[in-house]
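Printed here is my_file02.txt (compact mmCIF, C-alpha atoms (C1' of nucleotides)):
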# COMPACT_ATOMS: atom_id res chain seq x y z
CA MET W 178 59.72 -103.80 74.10
CA GLU W 179 62.67 -103.80 76.34
CA ASN W 180 65.14 -101.06 76.86
CA LEU W 181 68.36 -102.46 75.45
CA ASP W 182 70.44 -99.39 75.90
CA LYS W 183 70.55 -97.13 78.86
CA LYS W 184 71.10 -94.27 76.50
CA HIS W 185 70.53 -94.06 72.77
CA VAL W 186 70.63 -91.42 70.08
CA THR W 187 67.35 -89.64 69.64
CA THR W 188 67.72 -86.09 68.44
CA PHE W 189 69.46 -84.99 65.28
CA GLU W 190 71.90 -83.01 67.36
CA GLU W 191 72.85 -86.11 69.31
CA HIS W 192 73.31 -87.96 66.08
CA LEU W 193 75.61 -85.26 64.76
CA GLU W 194 77.59 -85.25 67.96
CA LYS W 195 78.07 -88.99 67.87
CA ARG W 196 78.99 -88.94 64.23
CA TYR W 197 81.02 -85.77 63.82
CA GLY W 198 82.00 -84.77 67.32
CA ALA W 199 80.87 -82.04 69.63
CA PRO W 200 80.05 -78.55 68.39
CA GLY W 201 83.14 -76.42 68.27
CA THR W 202 85.45 -79.21 67.22
CA ASP W 203 87.20 -78.96 63.90
CA GLN W 204 85.43 -81.92 62.37
CA ARG W 205 82.07 -80.63 63.37
CA ILE W 206 82.75 -77.13 62.11
CA ALA W 207 83.72 -78.46 58.72
CA PHE W 208 80.69 -80.71 58.57
CA GLU W 209 78.18 -78.01 59.34
CA ALA W 210 79.62 -75.60 56.82
CA LYS W 211 79.72 -78.29 54.16
CA ALA W 212 76.11 -79.20 54.80
CA LYS W 213 75.03 -75.63 54.22
CA ALA W 214 77.15 -75.25 51.14
CA PHE W 215 75.80 -78.36 49.48
CA ALA W 216 72.26 -77.20 50.16
CA ILE W 217 72.59 -74.20 47.89
CA GLY W 218 71.60 -76.38 44.95
CA GLU W 219 68.01 -76.40 46.07
CA LEU W 220 67.89 -72.65 45.83
CA ILE W 221 69.37 -72.72 42.38
CA LYS W 222 66.92 -75.34 41.19
CA GLU W 223 64.05 -73.30 42.56
CA GLU W 224 65.20 -70.12 40.88
CA ARG W 225 65.82 -71.88 37.61
CA ARG W 226 62.33 -73.32 37.55
CA LEU W 227 60.81 -69.98 38.40
CA SER W 228 62.67 -68.61 35.42
CA ASN W 229 61.24 -71.38 33.25
CA MET W 230 64.59 -72.63 32.13
CA THR W 231 65.93 -76.09 31.52
CA GLN W 232 69.25 -77.13 32.96
CA GLU W 233 70.65 -77.02 29.46
CA GLU W 234 69.56 -73.43 28.91
CA LEU W 235 71.03 -72.36 32.21
CA ALA W 236 74.23 -74.18 31.38
CA LEU W 237 74.47 -72.41 28.05
CA LYS W 238 73.97 -69.02 29.66
CA THR W 239 76.66 -69.58 32.23
CA GLY W 240 79.11 -71.21 29.89
CA THR W 241 79.00 -74.73 31.21
CA LYS W 242 77.22 -78.03 30.66
CA LYS W 243 73.91 -79.38 31.90
CA SER W 244 75.63 -82.21 33.68
CA PHE W 245 77.43 -79.72 35.85
CA ILE W 246 74.23 -77.87 36.68
CA SER W 247 72.62 -81.13 37.64
CA ARG W 248 75.45 -81.99 39.99
CA ILE W 249 75.10 -78.67 41.73
CA GLU W 250 71.33 -78.77 42.01
CA ASN W 251 71.48 -82.20 43.58
CA GLY W 252 73.96 -81.11 46.20
CA LYS W 253 76.95 -82.99 44.94
CA SER W 254 79.45 -80.18 44.91
CA ASP W 255 80.76 -77.57 47.29
CA ILE W 256 80.93 -74.92 44.61
CA GLN W 257 83.30 -72.02 44.46
CA LEU W 258 82.04 -68.53 45.04
CA SER W 259 82.58 -67.50 41.44
CA THR W 260 80.41 -70.39 40.31
CA LEU W 261 77.59 -69.20 42.50
CA TYR W 262 77.90 -65.73 41.03
CA ARG W 263 77.96 -67.06 37.52
CA ILE W 264 74.79 -69.03 37.97
CA LEU W 265 72.67 -66.74 40.09
CA GLU W 266 73.78 -63.44 38.76
CA ILE W 267 74.43 -64.09 35.14
CA GLY W 268 72.53 -67.24 34.38
CA LEU W 269 69.31 -66.43 36.11
CA GLY W 270 69.52 -62.68 35.80
CA LYS W 271 69.12 -62.28 39.53
CA LYS W 272 71.32 -59.93 41.45
CA VAL W 273 73.04 -61.69 44.28
CA SER W 274 74.25 -60.07 47.43
CA PHE W 275 75.32 -61.32 50.79
CA THR W 276 73.30 -60.26 53.74
CA ILE W 277 75.41 -60.25 56.83
CA GLU W 278 73.54 -59.61 59.99
CA MET Y 127 102.45 -35.79 21.48
CA GLU Y 128 101.19 -37.38 18.37
CA ASN Y 129 98.19 -39.55 17.96
CA LEU Y 130 99.63 -42.91 17.00
CA ASP Y 131 96.37 -44.81 17.00
CA LYS Y 132 93.11 -43.76 15.51
CA LYS Y 133 91.42 -45.57 18.38
CA HIS Y 134 92.80 -46.64 21.70
CA VAL Y 135 91.53 -48.16 24.91
CA THR Y 136 90.37 -45.58 27.36
CA THR Y 137 87.65 -46.81 29.67
CA PHE Y 138 87.91 -49.80 31.94
CA GLU Y 139 85.01 -51.36 30.09
CA GLU Y 140 86.87 -51.08 26.82
CA HIS Y 141 89.89 -52.61 28.40
CA LEU Y 142 87.86 -55.53 29.66
CA GLU Y 143 86.28 -56.00 26.28
CA LYS Y 144 89.62 -56.05 24.55
CA ARG Y 145 91.08 -58.41 27.10
CA TYR Y 146 88.23 -60.75 27.94
CA GLY Y 147 85.75 -60.29 25.15
CA ALA Y 148 82.39 -58.62 24.93
CA PRO Y 149 79.89 -58.83 27.74
CA GLY Y 150 77.82 -61.96 27.45
CA THR Y 151 80.60 -64.10 26.09
CA ASP Y 152 81.74 -67.11 28.05
CA GLN Y 153 85.18 -65.76 28.81
CA ARG Y 154 83.81 -62.48 30.01
CA ILE Y 155 81.19 -64.13 32.18
CA ALA Y 156 83.80 -66.22 33.92
CA PHE Y 157 86.06 -63.24 34.42
CA GLU Y 158 83.47 -61.07 36.05
CA ALA Y 159 82.32 -63.80 38.41
CA LYS Y 160 85.90 -64.53 39.39
CA ALA Y 161 86.56 -60.89 40.12
CA LYS Y 162 83.61 -60.73 42.46
CA ALA Y 163 84.56 -63.95 44.19
CA PHE Y 164 88.11 -62.87 44.89
CA ALA Y 165 86.86 -59.60 46.30
CA ILE Y 166 85.07 -61.28 49.18
CA GLY Y 167 88.27 -61.16 51.19
CA GLU Y 168 87.90 -57.46 51.77
CA LEU Y 169 84.54 -58.03 53.40
CA ILE Y 170 85.93 -60.74 55.60
CA LYS Y 171 88.82 -58.57 56.70
CA GLU Y 172 86.44 -55.76 57.51
CA GLU Y 173 84.14 -57.98 59.54
CA ARG Y 174 87.02 -59.56 61.37
CA ARG Y 175 88.39 -56.20 62.41
CA LEU Y 176 84.96 -55.06 63.52
CA SER Y 177 84.87 -58.16 65.68
CA ASN Y 178 88.25 -57.26 67.13
CA MET Y 179 89.86 -60.51 66.19
CA THR Y 180 93.28 -61.35 64.87
CA GLN Y 181 93.71 -63.64 61.89
CA GLU Y 182 95.02 -66.26 64.26
CA GLU Y 183 91.94 -66.13 66.47
CA LEU Y 184 89.66 -66.38 63.47
CA ALA Y 185 91.68 -69.27 62.15
CA LEU Y 186 91.41 -71.10 65.43
CA LYS Y 187 87.66 -70.64 65.53
CA THR Y 188 87.17 -71.94 62.03
CA GLY Y 189 89.59 -74.80 62.36
CA THR Y 190 92.26 -73.55 60.02
CA LYS Y 191 95.52 -71.62 60.01
CA LYS Y 192 96.23 -67.93 59.95
CA SER Y 193 98.14 -68.21 56.70
CA PHE Y 194 94.98 -69.44 55.06
CA ILE Y 195 92.93 -66.54 56.42
CA SER Y 196 95.55 -64.15 55.15
CA ARG Y 197 95.39 -65.58 51.66
CA ILE Y 198 91.64 -65.23 51.55
CA GLU Y 199 91.59 -61.70 52.91
CA ASN Y 200 94.07 -60.65 50.27
CA GLY Y 201 91.98 -62.03 47.46
CA LYS Y 202 94.19 -64.90 46.45
CA SER Y 203 91.63 -67.65 46.36
CA ASP Y 204 88.24 -68.32 44.85
CA ILE Y 205 86.96 -70.00 47.98
CA GLN Y 206 84.36 -72.70 48.21
CA LEU Y 207 80.97 -71.94 49.66
CA SER Y 208 81.60 -74.00 52.78
CA THR Y 209 84.69 -71.94 53.45
CA LEU Y 210 82.63 -68.78 53.33
CA TYR Y 211 80.18 -70.24 55.80
CA ARG Y 212 82.93 -71.41 58.11
CA ILE Y 213 84.52 -68.02 58.28
CA LEU Y 214 81.57 -65.66 58.30
CA GLU Y 215 79.02 -67.74 60.16
CA ILE Y 216 81.02 -69.94 62.44
CA GLY Y 217 84.11 -67.81 62.81
CA LEU Y 218 82.57 -64.38 62.98
CA GLY Y 219 79.07 -65.29 64.11
CA LYS Y 220 77.48 -63.46 61.20
CA LYS Y 221 74.50 -64.90 59.45
CA VAL Y 222 75.14 -65.29 55.76
CA SER Y 223 72.25 -65.31 53.37
CA PHE Y 224 71.95 -64.70 49.69
CA THR Y 225 69.61 -61.99 48.65
CA ILE Y 226 68.32 -62.56 45.19
CA GLU Y 227 66.54 -59.64 43.65
C1' DA R 258 116.44 -50.11 69.15
C1' DT R 259 114.57 -54.52 70.64
C1' DT R 260 111.09 -57.51 71.51
C1' DC R 261 106.44 -59.30 70.79
C1' DT R 262 102.51 -59.63 67.96
C1' DT R 263 100.34 -59.80 63.80
C1' DG R 264 100.25 -60.63 59.13
C1' DT R 265 102.25 -62.28 54.59
C1' DA R 266 104.83 -65.39 51.35
C1' DC R 267 106.20 -69.95 50.05
C1' DC R 268 106.31 -74.79 49.54
C1' DA R 269 104.67 -79.49 49.30
C1' DT R 270 100.85 -82.52 49.50
C1' DT R 271 96.17 -83.83 49.35
C1' DA R 272 91.44 -83.21 48.08
C1' DT R 273 88.00 -81.36 45.22
C1' DT R 274 86.03 -78.53 41.73
C1' DC R 275 85.50 -77.72 36.92
C1' DG R 276 84.91 -78.91 32.18
C1' DT R 277 83.58 -82.28 29.28
C1' DT R 278 81.70 -86.51 26.85
C1' DA R 279 78.88 -90.28 26.80
C1' DA R 280 75.60 -93.33 28.50
C1' DC R 281 71.73 -94.03 31.14
C1' DT R 282 67.08 -92.86 33.49
C1' DT R 283 63.15 -90.37 34.13
C1' DT R 284 59.55 -87.38 32.71
C1' DA R 285 56.35 -85.33 29.39
C1' DC R 286 53.44 -85.73 25.69
C1' DG R 287 51.67 -87.04 20.95
C1' DC Q 30 52.38 -97.16 24.63
C1' DG Q 31 56.58 -95.06 21.99
C1' DT Q 32 59.42 -91.27 21.37
C1' DA Q 33 61.67 -86.98 22.41
C1' DA Q 34 63.13 -83.87 25.89
C1' DA Q 35 64.93 -83.22 30.33
C1' DG Q 36 67.62 -84.69 33.90
C1' DT Q 37 71.08 -87.80 36.20
C1' DT Q 38 75.28 -90.27 36.69
C1' DA Q 39 80.05 -92.03 35.85
C1' DA Q 40 84.50 -91.21 34.41
C1' DC Q 41 88.45 -88.65 33.01
C1' DG Q 42 92.13 -85.00 33.06
C1' DA Q 43 93.38 -80.43 34.29
C1' DA Q 44 93.29 -76.80 37.28
C1' DT Q 45 93.13 -75.13 41.75
C1' DA Q 46 91.38 -74.89 46.65
C1' DA Q 47 92.52 -76.66 51.16
C1' DT Q 48 95.89 -77.79 54.51
C1' DG Q 49 100.00 -77.73 57.42
C1' DG Q 50 104.18 -76.00 58.05
C1' DT Q 51 107.87 -72.64 58.23
C1' DA Q 52 110.22 -68.61 57.45
C1' DC Q 53 110.03 -63.85 56.76
C1' DA Q 54 108.15 -58.92 57.01
C1' DA Q 55 105.55 -55.29 59.03
C1' DG Q 56 103.61 -53.01 63.07
C1' DA Q 57 102.87 -52.15 67.81
C1' DA Q 58 104.35 -51.80 72.36
C1' DT Q 59 107.69 -51.26 75.83
As structure tokens - that is how I would like this structure written.
Amino acid sequence: MENLDKKHVTTFEEHLEKRYGAPGTDQRIAFEAKAKAFAIGELIKEERRLSNMTQEELALKTGTKKSFISRIENGKSDIQLSTLYRILEIGLGKKVSFTIE
Amino acid sequence: MENLDKKHVTTFEEHLEKRYGAPGTDQRIAFEAKAKAFAIGELIKEERRLSNMTQEELALKTGTKKSFISRIENGKSDIQLSTLYRILEIGLGKKVSFTIE
DNA sequence: ATTCTTGTACCATTATTCGTTAACTTTACG
DNA sequence: CGTAAAGTTAACGAATAATGGTACAAGAAT
């Protein structure tokens, strides 16, 4: 094995930097926030399953369709705040609050 | 003063019911979630002032413009989740987490 | 009162969510 | 297996968030 490159990407942080620019830059800021936002679907999926509901049931309770729930759970949408409230608070019967430390 | 109506709207809850339907209905669900979402601006404004920042400084940090921050703080937008993260986490250095009870 | 800073209001454009239907895929189970 | 339920995906229009810019208004400081 020879060393083709003097320097190559190894860590995830280096990858991000190469791909989206250094931390603090506009592009990078947007990327990081988006990544977090899209990850909320996992939490929703978890909570839904704990509540023993199907996507269709959750959709019915929140006044939407199962296809929309699926999109969210699979991280395909940067949902609006009201949508998060609708699903977590009303659909799953959990009380949501922001913890700001 | 005469009593024109046998029954009239008095409480806020009655007003909501008349206007947006009974609790549990789709329209009402959407309304309540929207109301909460638009109210997040107050929290942001509060946190920003505690951090001794101007709207312009916050805007710069989050890669946007002060006019946008102003709109949010005054409850004129149902922001996306990534926008919340950008402002509270990246802009104000607060850790945002959802507490689900 | 005048200037400087901070914040708000508008406008135009772009990008994305939301709502929905329908078709398709995967999973569960008799 | 085969079939039904559950979940995913694509596609569409409509509504609206995001963005950049500019002009205006309100407050603070001198």
Determine the axis-aligned bounding box of all atoms of segment 268-287 of chain R present in the file, pad each side by 4 Å, and express its centre and edge lengths in Å to one decimal place as JSON.
{"center_x": 79.0, "center_y": -84.4, "center_z": 35.2, "size_x": 62.6, "size_y": 27.2, "size_z": 36.6}
**Item:** Test item: chain Q residues at most 10 Å from chain Y, counting only C-alpha atoms (C1' of nucleotides), as a PyMOL selection string
**Value:** chain Q and resi 45-50
What does the file look like for those residues with C-alpha atoms (C1' of nucleotides), as a tab-separated table (two decimals), in the frame of the given file?
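What landed in part-v3.tsv:
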chain	number	residue	atom	x	y	z
Q	45	DT	C1'	93.13	-75.13	41.75
Q	46	DA	C1'	91.38	-74.89	46.65
Q	47	DA	C1'	92.52	-76.66	51.16
Q	48	DT	C1'	95.89	-77.79	54.51
Q	49	DG	C1'	100.00	-77.73	57.42
Q	50	DG	C1'	104.18	-76.00	58.05
Item to complete: Grab the atom CA of Leu184 of chain Y to atom CA of Ile213 of chain Y distance for me, in Å with one decimal place.
Response: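 Distance reported for this atom pair: 7.5 Å.
When chain W is laid over chain Y and all C-alpha atoms are paired one by one, the RMSD comes to 0.4 Å.
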Students should find that atom CA of Ser274 of chain W and atom CA of Val222 of chain Y are spaced 9.9 Å
